[in-house]
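Structure record follows, encoded as structure tokens.
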Amino acid sequence: MEQQLDQTETIQPPTDAVMARAVALLRAGEPVGLPTETVYGLAADACNDKAVARIFEIKGRPHFNPLIAHCADIETVRSLVDLPALAVALAEAFWPGPLTLVLKRRADCPVSLLASAGLETLAVRVPAHPVAHALLKAFGGALAAPSANPSGRISPTTARDVTDALSLDLVIDGGPCTVGLESTILSVDGDKAILLRAGGVPLEDIEDVLGSKIGRAEDTDPITAPGQLRSHYAPEATLRLNALDKRPGEVLLGFGAPCDGETPELNLSEQASLQEAAANLFRMLRNLDDTGAKRIAVAPVPEIGLGRAINDRLRRAAAPRP
Ligand code: TXA
Ligand code: MG
């Protein structure tokens, strides 16, 4: 029998029939849950204002927070934004992969201005996940895709995380995300690059390509980092960071060898691997949150490599809620 498509289930494997249905939904302006190597995205046609507006509506996201345009290749990126030599060098080093570049929109950029939230720049990324790549190729254009979580909540790293929080027609199942943290975001203006968000590509690797140290945008700078809300990625429980012990009423999220006598409920990485910790971070926060504990104590994570991105997410999750 021909592949029968069961449309009653939201989560579907990436068969040819499912990919074709995803393209049809996207062309009709509907959003689709999409696996990427970083986190699952809520993808919609980036050039369709109404489709982009649907994303904001579904996420309950403040409208000033712009979106990333995902492309199959650098040629597509080139049709959207100006690519200075520095951006090309970074693209060659890290694409496809977990790096997002914020660049000046071309005058003829077809992407919805709503996706740029009125800025003259557009965030672009070429994801490495084979399913994301295949869908982008089949769709033949840019897909705007924020992380597929309600605004302010933990990013999804499995298809089930997406359907637990959002109601969608289709989420393509590409397995658990291998990176587990959002992309690193750099703003590139001429020969100047600034870090807007630590993420899946470690800062040190970027500095190796640049041959110099990289500047950071202040969290509070409303123009360069409009979406970097201080409280973000928040679980229901409150967080206590750099915890060396477990206090009454707390559950402990460990990293590396447990501190004396304390057995963590979960451990980001017993071997103290930052890569493993990044991949586990959001899932473990979710699992500890689901225990109903009021407070999650988190062991110290070193501020190097992917540890910067992990600590950035933890600080936001721990920040006072608006
Ligand atoms: O790994 C990722 O980047 C995931 C996957 C799905 O690709 N996407 C993701 O998107 O994390 P989102 O929307 O959750 O986060 C994108 C961040 C936001 O904080 C937003 O403010 C920032 O990128 N951003 C987007 N466009 C920008 C722009 N033109 N200028 C400055 N920041 C921008
Ligand atoms: Mg997000």
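FYI, nothing fancy with the structure tokens labels: chains A, B, ... in order, residues from 1 per chain, ligands from 1 as they appear.
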Original post:
Mind listing the residues within 8 Å of ligand 1, only C-alpha atoms and all ligand atoms counted, as a PyMOL selection string?
Top reply: chain A and resi 34-43+64-68+70+98-100+102-103+115-117+119-125+127+145-148+155+181-185+187+196-197+199-200+223-229
A:Asp73 environment, 12 Å, only C-alpha atoms, sequence neighbours closer than 5 positions dropped, as a compact mmCIF listing (two decimals) with N, CA, C and O atoms, in the first residue's frame:
# COMPACT_ATOMS: atom_id res chain seq x y z
N ARG A 78 22.18 35.21 0.92
CA ARG A 78 22.66 36.35 0.14
C ARG A 78 21.53 37.15 -0.52
O ARG A 78 21.68 38.33 -0.81
N SER A 79 20.40 36.49 -0.76
CA SER A 79 19.27 37.20 -1.37
C SER A 79 18.48 38.02 -0.34
O SER A 79 17.58 38.77 -0.69
N LEU A 80 18.84 37.86 0.94
CA LEU A 80 18.08 38.55 2.01
C LEU A 80 18.86 39.70 2.63
O LEU A 80 18.28 40.73 2.97
N ALA A 91 30.41 32.39 8.14
CA ALA A 91 29.50 31.43 7.51
C ALA A 91 30.28 30.21 7.03
O ALA A 91 29.86 29.07 7.24
N GLU A 92 31.43 30.45 6.43
CA GLU A 92 32.23 29.32 5.93
C GLU A 92 32.72 28.44 7.07
O GLU A 92 32.80 27.23 6.95
N TRP A 95 28.65 27.36 9.19
CA TRP A 95 27.40 26.91 8.54
C TRP A 95 27.64 25.70 7.71
O TRP A 95 28.69 25.62 7.05
N PRO A 96 26.71 24.75 7.64
CA PRO A 96 25.51 24.74 8.46
C PRO A 96 25.85 24.47 9.92
O PRO A 96 26.74 23.68 10.20
N GLY A 97 25.12 25.13 10.82
CA GLY A 97 25.39 24.93 12.24
C GLY A 97 24.77 26.00 13.12
O GLY A 97 24.08 26.88 12.64
N VAL A 124 19.88 35.69 10.45
CA VAL A 124 19.85 34.58 9.49
C VAL A 124 20.69 33.41 10.00
O VAL A 124 21.69 33.60 10.69
N ARG A 125 20.24 32.21 9.63
CA ARG A 125 20.98 31.01 10.06
C ARG A 125 20.74 29.89 9.07
O ARG A 125 19.63 29.75 8.54
N VAL A 126 21.78 29.08 8.82
CA VAL A 126 21.67 27.86 8.01
C VAL A 126 21.81 26.67 8.96
O VAL A 126 22.92 26.36 9.41
N PRO A 127 20.69 26.03 9.33
CA PRO A 127 20.77 24.95 10.32
C PRO A 127 21.37 23.67 9.76
O PRO A 127 21.30 23.42 8.55
N ALA A 128 21.95 22.86 10.64
CA ALA A 128 22.64 21.64 10.21
C ALA A 128 21.76 20.40 10.26
O ALA A 128 22.09 19.38 9.67
N ALA A 132 15.67 19.72 8.98
CA ALA A 132 15.50 21.16 8.75
C ALA A 132 16.01 21.51 7.36
O ALA A 132 15.35 22.24 6.60
N HIS A 133 17.16 20.96 7.02
CA HIS A 133 17.74 21.26 5.71
C HIS A 133 16.85 20.76 4.59
O HIS A 133 16.58 21.47 3.61
N ALA A 134 16.35 19.53 4.73
CA ALA A 134 15.48 18.96 3.69
C ALA A 134 14.20 19.78 3.53
O ALA A 134 13.75 20.04 2.41
N LEU A 136 13.76 23.00 4.28
CA LEU A 136 14.09 24.31 3.69
C LEU A 136 14.31 24.18 2.19
O LEU A 136 13.86 25.01 1.42
N LYS A 137 14.98 23.11 1.78
CA LYS A 137 15.21 22.85 0.35
C LYS A 137 13.88 22.67 -0.38
O LYS A 137 13.62 23.27 -1.42
N GLY A 140 11.90 25.90 -0.42
CA GLY A 140 12.51 26.78 -1.40
C GLY A 140 12.56 28.25 -1.00
O GLY A 140 12.63 29.12 -1.86
N GLY A 141 12.50 28.54 0.27
CA GLY A 141 12.60 29.93 0.72
C GLY A 141 13.02 29.99 2.16
O GLY A 141 13.43 28.97 2.73
N ALA A 142 12.91 31.17 2.76
CA ALA A 142 13.32 31.34 4.16
C ALA A 142 12.16 31.02 5.09
O ALA A 142 11.01 31.36 4.81
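For the set A:Ile172, A:Arg61, A:Thr163, A:Ala319, the residue with the smallest atom-to-atom gap to A:Asp16 is A:Ile172, counting only C-alpha atoms.
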**OP:** Can you check which residues of stretch 89-206 of chain A DSSP gives as alpha helix (DSSP H) on the backbone and send them as a PyMOL selection string?
**Re:** chain A and resi 89-94+130-139+159-165+203-206
Output file for the residues above (C-alpha atoms, as a compact mmCIF listing (two decimals), in the first residue's frame):
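Written out: result06.txt:
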# COMPACT_ATOMS: atom_id res chain seq x y z
CA ALA A 89 34.28 33.99 6.83
CA LEU A 90 32.02 33.14 9.80
CA ALA A 91 29.50 31.43 7.51
CA GLU A 92 32.23 29.32 5.93
CA ALA A 93 33.53 28.30 9.34
CA PHE A 94 30.22 27.51 11.08
CA PRO A 130 19.11 17.04 8.06
CA VAL A 131 15.32 17.36 8.49
CA ALA A 132 15.50 21.16 8.75
CA HIS A 133 17.74 21.26 5.71
CA ALA A 134 15.48 18.96 3.69
CA LEU A 135 12.38 21.01 4.55
CA LEU A 136 14.09 24.31 3.69
CA LYS A 137 15.21 22.85 0.35
CA ALA A 138 11.74 21.51 -0.44
CA PHE A 139 10.05 24.77 0.65
CA ALA A 159 8.90 16.91 19.53
CA ARG A 160 6.88 16.00 22.63
CA ASP A 161 8.09 19.15 24.44
CA VAL A 162 6.55 21.16 21.59
CA THR A 163 3.14 19.48 21.68
CA ASP A 164 3.05 19.63 25.49
CA ALA A 165 3.04 23.44 25.32
CA LEU A 203 32.86 32.04 21.86
CA GLU A 204 36.44 30.76 21.78
CA ASP A 205 35.84 29.07 18.38
CA ILE A 206 34.47 32.33 16.97
**OP:** Considering only C-alpha atoms, state which residue in the set A:Ala272, A:Val81, A:Ala69, A:Ala279 is at the smallest distance from A:Pro176.
**Re:** A:Ala279
Original post:
Could you name the residues that touch A:Lys50 at 10 Å or less, counting only C-alpha atoms, but leaving out those on the same chain fewer than 6 positions away, as a ChimeraX atom specification?
Top reply: /A:29-30,44,112,114
Same residues, all heavy atoms, saved as a PDB file, in the first residue's frame:
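part28.pdb written:
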ATOM      1  N   GLY A  29       0.638  29.296   4.633  1.00  0.00           N
ATOM      2  CA  GLY A  29       0.794  30.277   5.718  1.00  0.00           C
ATOM      3  C   GLY A  29       0.631  29.693   7.108  1.00  0.00           C
ATOM      4  O   GLY A  29       0.545  30.427   8.088  1.00  0.00           O
ATOM      5  N   GLU A  30       0.609  28.350   7.192  1.00  0.00           N
ATOM      6  CA  GLU A  30       0.457  27.696   8.500  1.00  0.00           C
ATOM      7  C   GLU A  30       1.831  27.394   9.112  1.00  0.00           C
ATOM      8  O   GLU A  30       2.781  27.082   8.385  1.00  0.00           O
ATOM      9  CB  GLU A  30      -0.308  26.382   8.346  1.00  0.00           C
ATOM     10  CG  GLU A  30      -1.762  26.548   7.933  1.00  0.00           C
ATOM     11  CD  GLU A  30      -2.574  27.306   8.968  1.00  0.00           C
ATOM     12  OE1 GLU A  30      -2.320  27.121  10.180  1.00  0.00           O
ATOM     13  OE2 GLU A  30      -3.448  28.095   8.561  1.00  0.00           O
ATOM     14  N   ALA A  44       7.524  29.158  10.024  1.00  0.00           N
ATOM     15  CA  ALA A  44       6.490  29.649   9.107  1.00  0.00           C
ATOM     16  C   ALA A  44       7.179  30.428   7.991  1.00  0.00           C
ATOM     17  O   ALA A  44       8.336  30.844   8.139  1.00  0.00           O
ATOM     18  CB  ALA A  44       5.488  30.528   9.844  1.00  0.00           C
ATOM     19  N   SER A 112       9.306  39.377   5.595  1.00  0.00           N
ATOM     20  CA  SER A 112       8.351  40.247   6.290  1.00  0.00           C
ATOM     21  C   SER A 112       9.077  41.184   7.258  1.00  0.00           C
ATOM     22  O   SER A 112       9.942  40.748   8.015  1.00  0.00           O
ATOM     23  CB  SER A 112       7.367  39.373   7.071  1.00  0.00           C
ATOM     24  OG  SER A 112       6.688  40.146   8.037  1.00  0.00           O
ATOM     25  N   LEU A 114       7.812  42.378   9.751  1.00  0.00           N
ATOM     26  CA  LEU A 114       7.396  41.962  11.085  1.00  0.00           C
ATOM     27  C   LEU A 114       8.425  41.002  11.695  1.00  0.00           C
ATOM     28  O   LEU A 114       8.682  41.025  12.898  1.00  0.00           O
ATOM     29  CB  LEU A 114       6.021  41.289  11.000  1.00  0.00           C
ATOM     30  CG  LEU A 114       5.336  40.920  12.299  1.00  0.00           C
ATOM     31  CD1 LEU A 114       5.151  42.127  13.206  1.00  0.00           C
ATOM     32  CD2 LEU A 114       3.989  40.271  11.999  1.00  0.00           C
TER      33      LEU A 114
END
**OP:** Could you pull out the residues in stretch 4-249 of chain A that DSSP calls strand (DSSP E) from the backbone, as a VMD selection string?
**Re:** chain A and resid 11 to 12 32 to 34 41 to 45 68 to 70 99 to 104 121 to 125 143 to 144 171 to 172 184 to 189 192 to 197 215 to 216 238 to 240
**OP:** Would you list the contacts of stretch 301-312 of chain A as a count of residues only, taking every protein, DNA or RNA residue within 6 Å and counting only C-alpha atoms, but skipping same-chain residues closer than 4 positions in sequence?
**Re:** 4
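Using only C-alpha atoms and all ligand atoms, the shortest contact distance between ligand 2 and any of A:Leu244, A:Met284, A:Ile154, A:Cys109 is found at A:Ile154.
Shortest separation to A:His129 among A:Arg54, A:Pro150, A:Leu166, A:Cys71 occurs at residue A:Cys71, atoms counted being only C-alpha atoms.
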Original post:
Which is closest to ligand 2 among A:Gly174, A:Pro156, A:Gly211, A:Pro258, if we use only C-alpha atoms and all ligand atoms?
Top reply: A:Pro156
